[in-house]
$ cat coords.txt   # compact mmCIF, N, CA and C atoms
# COMPACT_ATOMS: atom_id res chain seq x y z
N MET E 1 177.07 129.13 114.99
CA MET E 1 176.83 127.74 115.26
C MET E 1 177.59 127.35 116.52
N GLU E 2 176.94 126.62 117.37
CA GLU E 2 177.55 126.15 118.60
C GLU E 2 177.99 124.70 118.42
N ILE E 3 179.19 124.39 118.86
CA ILE E 3 179.69 123.02 118.80
C ILE E 3 179.85 122.52 120.22
N ILE E 4 179.21 121.40 120.52
CA ILE E 4 179.25 120.80 121.85
C ILE E 4 180.12 119.57 121.79
N PHE E 5 181.14 119.52 122.62
CA PHE E 5 182.03 118.35 122.69
C PHE E 5 181.66 117.52 123.91
N GLN E 6 181.53 116.22 123.69
CA GLN E 6 181.28 115.29 124.80
C GLN E 6 182.35 114.22 124.75
N SER E 7 182.85 113.84 125.91
CA SER E 7 183.89 112.83 125.99
C SER E 7 183.47 111.77 127.01
N HIS E 8 183.39 110.54 126.56
CA HIS E 8 183.02 109.42 127.43
C HIS E 8 184.21 108.47 127.53
N HIS E 9 184.94 108.56 128.63
CA HIS E 9 186.10 107.71 128.90
C HIS E 9 187.20 107.86 127.84
N ALA E 10 187.26 109.02 127.20
CA ALA E 10 188.26 109.24 126.17
C ALA E 10 188.87 110.63 126.35
N PRO E 11 190.11 110.70 126.81
CA PRO E 11 190.75 112.01 126.91
C PRO E 11 191.05 112.56 125.52
N ILE E 12 190.66 113.81 125.27
CA ILE E 12 190.81 114.42 123.96
C ILE E 12 191.76 115.60 124.07
N SER E 13 192.73 115.63 123.19
CA SER E 13 193.70 116.72 123.19
C SER E 13 193.08 117.97 122.57
N PRO E 14 193.63 119.13 122.88
CA PRO E 14 193.14 120.37 122.25
C PRO E 14 193.29 120.35 120.73
N PHE E 15 194.32 119.67 120.24
CA PHE E 15 194.51 119.56 118.79
C PHE E 15 193.36 118.79 118.14
N MET E 16 192.90 117.70 118.78
CA MET E 16 191.78 116.92 118.23
C MET E 16 190.48 117.73 118.27
N ARG E 17 190.30 118.51 119.32
CA ARG E 17 189.11 119.37 119.39
C ARG E 17 189.12 120.40 118.27
N GLU E 18 190.28 120.99 118.05
CA GLU E 18 190.41 122.00 116.99
C GLU E 18 190.19 121.37 115.62
N ARG E 19 190.75 120.20 115.41
CA ARG E 19 190.59 119.50 114.13
C ARG E 19 189.12 119.15 113.89
N ALA E 20 188.44 118.68 114.92
CA ALA E 20 187.02 118.36 114.80
C ALA E 20 186.21 119.62 114.52
N GLU E 21 186.52 120.70 115.20
CA GLU E 21 185.79 121.95 115.00
C GLU E 21 185.97 122.47 113.58
N ARG E 22 187.20 122.44 113.05
CA ARG E 22 187.43 122.91 111.69
C ARG E 22 186.65 122.06 110.68
N GLY E 23 186.67 120.74 110.87
CA GLY E 23 185.97 119.86 109.94
C GLY E 23 184.47 120.05 109.99
N VAL E 24 183.91 120.19 111.19
CA VAL E 24 182.47 120.37 111.32
C VAL E 24 182.04 121.70 110.73
N ARG E 25 182.78 122.76 111.00
CA ARG E 25 182.43 124.08 110.44
C ARG E 25 182.49 124.07 108.91
N LYS E 26 183.45 123.39 108.35
CA LYS E 26 183.58 123.32 106.89
C LYS E 26 182.39 122.58 106.28
N ILE E 27 182.00 121.47 106.88
CA ILE E 27 180.89 120.69 106.35
C ILE E 27 179.56 121.40 106.61
N ALA E 28 179.41 122.03 107.76
CA ALA E 28 178.16 122.72 108.10
C ALA E 28 177.92 123.92 107.19
N ALA E 29 178.96 124.46 106.59
CA ALA E 29 178.79 125.60 105.69
C ALA E 29 177.98 125.20 104.46
N ARG E 30 177.96 123.93 104.10
CA ARG E 30 177.18 123.46 102.95
C ARG E 30 175.69 123.43 103.23
N LEU E 31 175.34 123.14 104.48
CA LEU E 31 173.93 123.08 104.84
C LEU E 31 173.44 124.48 105.22
N THR E 32 172.15 124.68 105.08
CA THR E 32 171.62 125.99 105.43
C THR E 32 171.19 126.00 106.89
N ARG E 33 171.56 127.02 107.58
CA ARG E 33 171.13 127.31 108.94
C ARG E 33 171.39 126.20 109.95
N VAL E 34 172.58 125.69 110.01
CA VAL E 34 172.91 124.70 111.04
C VAL E 34 172.94 125.42 112.38
N VAL E 35 172.20 124.90 113.33
CA VAL E 35 172.08 125.55 114.64
C VAL E 35 173.21 125.13 115.55
N ASP E 36 173.41 123.81 115.67
CA ASP E 36 174.49 123.32 116.52
C ASP E 36 174.96 121.97 116.05
N ALA E 37 176.08 121.57 116.61
CA ALA E 37 176.67 120.27 116.29
C ALA E 37 177.13 119.65 117.61
N VAL E 38 176.99 118.34 117.68
CA VAL E 38 177.45 117.59 118.85
C VAL E 38 178.52 116.62 118.36
N VAL E 39 179.69 116.70 118.97
CA VAL E 39 180.78 115.78 118.63
C VAL E 39 181.05 114.97 119.89
N ARG E 40 180.80 113.67 119.80
CA ARG E 40 180.95 112.78 120.97
C ARG E 40 182.12 111.83 120.73
N PHE E 41 183.08 111.86 121.64
CA PHE E 41 184.22 110.96 121.61
C PHE E 41 183.99 109.87 122.64
N GLU E 42 184.16 108.62 122.24
CA GLU E 42 183.96 107.49 123.15
C GLU E 42 185.13 106.54 123.05
N ALA E 43 185.47 105.93 124.18
CA ALA E 43 186.49 104.89 124.21
C ALA E 43 185.88 103.66 124.86
N ASP E 44 185.99 102.53 124.20
CA ASP E 44 185.47 101.28 124.73
C ASP E 44 186.52 100.21 124.49
N GLY E 45 187.36 99.98 125.47
CA GLY E 45 188.46 99.03 125.30
C GLY E 45 189.45 99.55 124.26
N PRO E 46 189.81 98.73 123.28
CA PRO E 46 190.78 99.17 122.28
C PRO E 46 190.15 100.00 121.16
N LEU E 47 188.84 100.15 121.15
CA LEU E 47 188.14 100.84 120.07
C LEU E 47 187.79 102.27 120.47
N ARG E 48 188.02 103.21 119.56
CA ARG E 48 187.65 104.62 119.76
C ARG E 48 186.56 104.95 118.75
N ARG E 49 185.53 105.65 119.22
CA ARG E 49 184.43 106.03 118.35
C ARG E 49 184.21 107.53 118.41
N VAL E 50 183.82 108.09 117.27
CA VAL E 50 183.46 109.50 117.20
C VAL E 50 182.10 109.57 116.51
N LEU E 51 181.16 110.24 117.14
CA LEU E 51 179.82 110.44 116.60
C LEU E 51 179.62 111.94 116.42
N ILE E 52 179.23 112.34 115.21
CA ILE E 52 178.99 113.75 114.91
C ILE E 52 177.53 113.90 114.49
N MET E 53 176.82 114.84 115.12
CA MET E 53 175.43 115.11 114.77
C MET E 53 175.28 116.60 114.49
N LEU E 54 174.69 116.92 113.34
CA LEU E 54 174.39 118.31 112.99
C LEU E 54 172.88 118.52 113.09
N HIS E 55 172.47 119.62 113.72
CA HIS E 55 171.05 119.95 113.88
C HIS E 55 170.75 121.22 113.10
N ALA E 56 169.73 121.16 112.24
CA ALA E 56 169.29 122.32 111.48
C ALA E 56 167.77 122.32 111.45
N PRO E 57 167.15 123.49 111.50
CA PRO E 57 165.69 123.52 111.45
C PRO E 57 165.18 123.03 110.10
N ARG E 58 164.06 122.33 110.14
CA ARG E 58 163.40 121.78 108.95
C ARG E 58 164.22 120.73 108.22
N HIS E 59 165.20 120.18 108.86
CA HIS E 59 166.01 119.12 108.29
C HIS E 59 166.07 117.97 109.30
N HIS E 60 166.29 116.79 108.77
CA HIS E 60 166.57 115.68 109.67
C HIS E 60 167.97 115.88 110.22
N ASP E 61 168.21 115.36 111.40
CA ASP E 61 169.56 115.44 111.96
C ASP E 61 170.50 114.63 111.07
N VAL E 62 171.65 115.21 110.78
CA VAL E 62 172.66 114.51 109.99
C VAL E 62 173.63 113.89 110.97
N ARG E 63 173.78 112.57 110.89
CA ARG E 63 174.63 111.84 111.84
C ARG E 63 175.68 111.04 111.08
N ALA E 64 176.87 110.98 111.65
CA ALA E 64 177.93 110.16 111.09
C ALA E 64 178.78 109.62 112.22
N GLU E 65 179.18 108.37 112.09
CA GLU E 65 179.97 107.73 113.13
C GLU E 65 181.21 107.11 112.50
N GLY E 66 182.31 107.19 113.22
CA GLY E 66 183.54 106.56 112.79
C GLY E 66 184.14 105.80 113.95
N SER E 67 184.77 104.68 113.66
CA SER E 67 185.43 103.91 114.71
C SER E 67 186.76 103.40 114.20
N ALA E 68 187.74 103.44 115.08
CA ALA E 68 189.10 103.02 114.74
C ALA E 68 189.86 102.80 116.05
N PRO E 69 191.05 102.22 115.95
CA PRO E 69 191.86 102.03 117.18
C PRO E 69 192.33 103.35 117.80
N ARG E 70 192.42 104.41 116.98
CA ARG E 70 192.88 105.70 117.49
C ARG E 70 191.81 106.77 117.22
N VAL E 71 191.82 107.81 118.02
CA VAL E 71 190.83 108.88 117.90
C VAL E 71 190.96 109.60 116.56
N ALA E 72 192.17 109.82 116.10
CA ALA E 72 192.37 110.54 114.84
C ALA E 72 191.74 109.79 113.67
N GLY E 73 191.90 108.49 113.63
CA GLY E 73 191.30 107.69 112.57
C GLY E 73 189.79 107.68 112.63
N ALA E 74 189.24 107.60 113.84
CA ALA E 74 187.79 107.61 114.01
C ALA E 74 187.21 108.96 113.61
N LEU E 75 187.90 110.04 113.95
CA LEU E 75 187.44 111.38 113.58
C LEU E 75 187.47 111.55 112.07
N SER E 76 188.53 111.12 111.43
CA SER E 76 188.62 111.21 109.97
C SER E 76 187.50 110.45 109.29
N GLN E 77 187.22 109.26 109.78
CA GLN E 77 186.16 108.44 109.21
C GLN E 77 184.80 109.10 109.39
N ALA E 78 184.52 109.64 110.55
CA ALA E 78 183.24 110.31 110.80
C ALA E 78 183.09 111.56 109.93
N LEU E 79 184.15 112.35 109.80
CA LEU E 79 184.09 113.54 108.95
C LEU E 79 183.89 113.18 107.48
N ARG E 80 184.54 112.10 107.04
CA ARG E 80 184.38 111.66 105.65
C ARG E 80 182.93 111.22 105.39
N ARG E 81 182.34 110.49 106.32
CA ARG E 81 180.95 110.05 106.15
C ARG E 81 179.98 111.23 106.20
N LEU E 82 180.26 112.18 107.05
CA LEU E 82 179.43 113.38 107.12
C LEU E 82 179.55 114.18 105.82
N ASP E 83 180.74 114.25 105.28
CA ASP E 83 180.98 114.95 104.03
C ASP E 83 180.19 114.30 102.89
N GLU E 84 180.17 112.97 102.84
CA GLU E 84 179.44 112.27 101.80
C GLU E 84 177.94 112.53 101.89
N GLN E 85 177.42 112.64 103.09
CA GLN E 85 175.99 112.87 103.26
C GLN E 85 175.57 114.27 102.88
N THR E 86 176.45 115.24 103.03
CA THR E 86 176.08 116.63 102.78
C THR E 86 176.43 117.11 101.39
N ARG E 87 177.05 116.30 100.59
CA ARG E 87 177.36 116.72 99.22
C ARG E 87 176.08 116.82 98.39
N ASP E 88 176.09 117.69 97.41
CA ASP E 88 174.95 117.88 96.53
C ASP E 88 174.85 116.68 95.59
N PRO E 89 173.72 115.95 95.60
CA PRO E 89 173.62 114.75 94.75
C PRO E 89 173.56 115.07 93.26
N LYS E 90 173.24 116.31 92.90
CA LYS E 90 173.16 116.68 91.50
C LYS E 90 174.53 116.89 90.88
N ARG E 91 175.51 117.21 91.71
CA ARG E 91 176.86 117.43 91.19
C ARG E 91 177.61 116.11 91.19
N ARG E 92 178.03 115.70 90.05
CA ARG E 92 178.81 114.48 89.93
C ARG E 92 180.27 114.83 89.69
N PRO E 93 181.17 113.98 90.12
CA PRO E 93 182.57 114.25 89.80
C PRO E 93 182.79 114.14 88.30
N ARG E 94 183.63 114.98 87.78
CA ARG E 94 183.90 114.96 86.34
C ARG E 94 184.65 113.70 85.97
N THR E 95 184.28 113.13 84.85
CA THR E 95 184.97 111.95 84.35
C THR E 95 185.59 112.27 83.01
N ASN E 96 186.62 111.57 82.70
CA ASN E 96 187.29 111.75 81.43
C ASN E 96 186.52 110.96 80.37
N PRO E 97 185.98 111.63 79.32
CA PRO E 97 185.19 110.91 78.33
C PRO E 97 186.01 109.89 77.53
N LEU E 98 187.31 110.09 77.46
CA LEU E 98 188.14 109.16 76.71
C LEU E 98 188.29 107.82 77.42
N LYS E 99 188.16 107.81 78.73
CA LYS E 99 188.27 106.58 79.48
C LYS E 99 187.04 105.68 79.32
N THR E 100 185.90 106.27 78.97
CA THR E 100 184.69 105.50 78.84
C THR E 100 184.52 104.90 77.45
N ILE E 101 185.32 105.33 76.49
CA ILE E 101 185.23 104.81 75.11
C ILE E 101 186.07 103.54 75.01
N SER E 102 185.46 102.52 74.49
CA SER E 102 186.17 101.27 74.29
C SER E 102 186.79 101.27 72.89
N LEU E 103 188.08 101.00 72.84
CA LEU E 103 188.78 101.01 71.55
C LEU E 103 188.84 99.61 70.92
N ALA E 104 188.27 98.63 71.54
CA ALA E 104 188.33 97.26 71.02
C ALA E 104 187.31 96.99 69.97
$ encode --input "coords.txt" --output "structure tokens"
Amino acid sequence: MEIIFQSHHAPISPFMRERAERGVRKIAARLTRVVDAVVRFEADGPLRRVLIMLHAPRHHDVRAEGSAPRVAGALSQALRRLDEQTRDPKRRPRTNPLKTISLA
């Protein structure tokens, strides 16, 4: 899988690139045959935005955007949204059956 980084008026440290690459590779492993990913960093005044797009054949492009005052927060938000979109909808988080029983 190829990861393309784009930066629009936002200087990105090597650590942020590495963090974005690790997160995208981890999430892309859930999807089948991801061809490439585009990670776009943008700065517009005090706001930082990160847009992540995954491309896979026979699938719609998976897109997630995060915005925050800092790049790290925007990246975390975008990765979290991408993670939510790629999770299997059939798998639900386990719940404690005792919490759902009303004792009143």
$ closest_residue --input "coords.txt" --among "E:Leu54, E:Val38, E:Asp88, E:Arg49" --to "E:Ile4" --atoms "only N, CA and C atoms"
E:Val38
$ residues_near_point --input "coords.txt" --point "(177.0, 108.6, 125.5)" --cutoff "8 Å" --atoms "only N, CA and C atoms" --output "ChimeraX atom specification"
/E:6-8,40-42
$ atom_distance --input "coords.txt" --atom1 "atom CA of E:Arg58" --atom2 "atom CA of E:Arg33"
9.5 Å
$ select_by_dssp --input "coords.txt" --residues "stretch 34-68 of chain E" --states "strand (DSSP E or B)" --output "JSON, numbers by chain"
{"E": [36, 37, 38, 39, 40, 41, 42, 43, 44, 47, 48, 49, 50, 51, 52, 53, 54, 55, 62, 63, 64, 65, 66, 67, 68]}
$ closest_residue --input "coords.txt" --among "E:Ala37, E:Ala64, E:Ile3, E:Val24" --to "E:Glu84" --atoms "only C-alpha atoms"
E:Ala64
$ select_by_dssp --input "coords.txt" --residues "chain E" --states "alpha helix (DSSP H)" --output "PyMOL selection string"
chain E and resi 14-28+71-86+97-100
$ closest_residue --input "coords.txt" --among "E:Arg87, E:Gly66, E:His59, E:Leu47" --to "E:Thr32" --atoms "only C-alpha atoms"
E:His59
$ closest_residue --input "coords.txt" --among "E:Pro57, E:Asp44, E:Val62, E:Leu51" --to "E:Ala78" --atoms "all atoms listed in the file"
E:Leu51
$ closest_residue --input "coords.txt" --among "E:Arg30, E:Asp61, E:Val35, E:Val50" --to "E:Ser76" --atoms "all atoms listed in the file"
E:Val50
$ atom_distance --input "coords.txt" --atom1 "atom C of E:His55" --atom2 "atom CA of E:Arg70"
27.4 Å
$ axis_aligned_box --input "coords.txt" --around "stretch 56-65 of chain E" --padding-each-side "8 Å" --output "lines of an AutoDock Vina configuration file"
center_x = 172.3
center_y = 115.3
center_z = 110.7
size_x = 33.8
size_y = 32.4
size_z = 20.9
$ closest_residue --input "coords.txt" --among "E:Ala56, E:Leu75, E:Ala68, E:Leu31" --to "E:Glu18" --atoms "only C-alpha atoms"
E:Leu75
$ atom_distance --input "coords.txt" --atom1 "atom CA of E:Lys26" --atom2 "atom N of E:Ala74"
18.1 Å
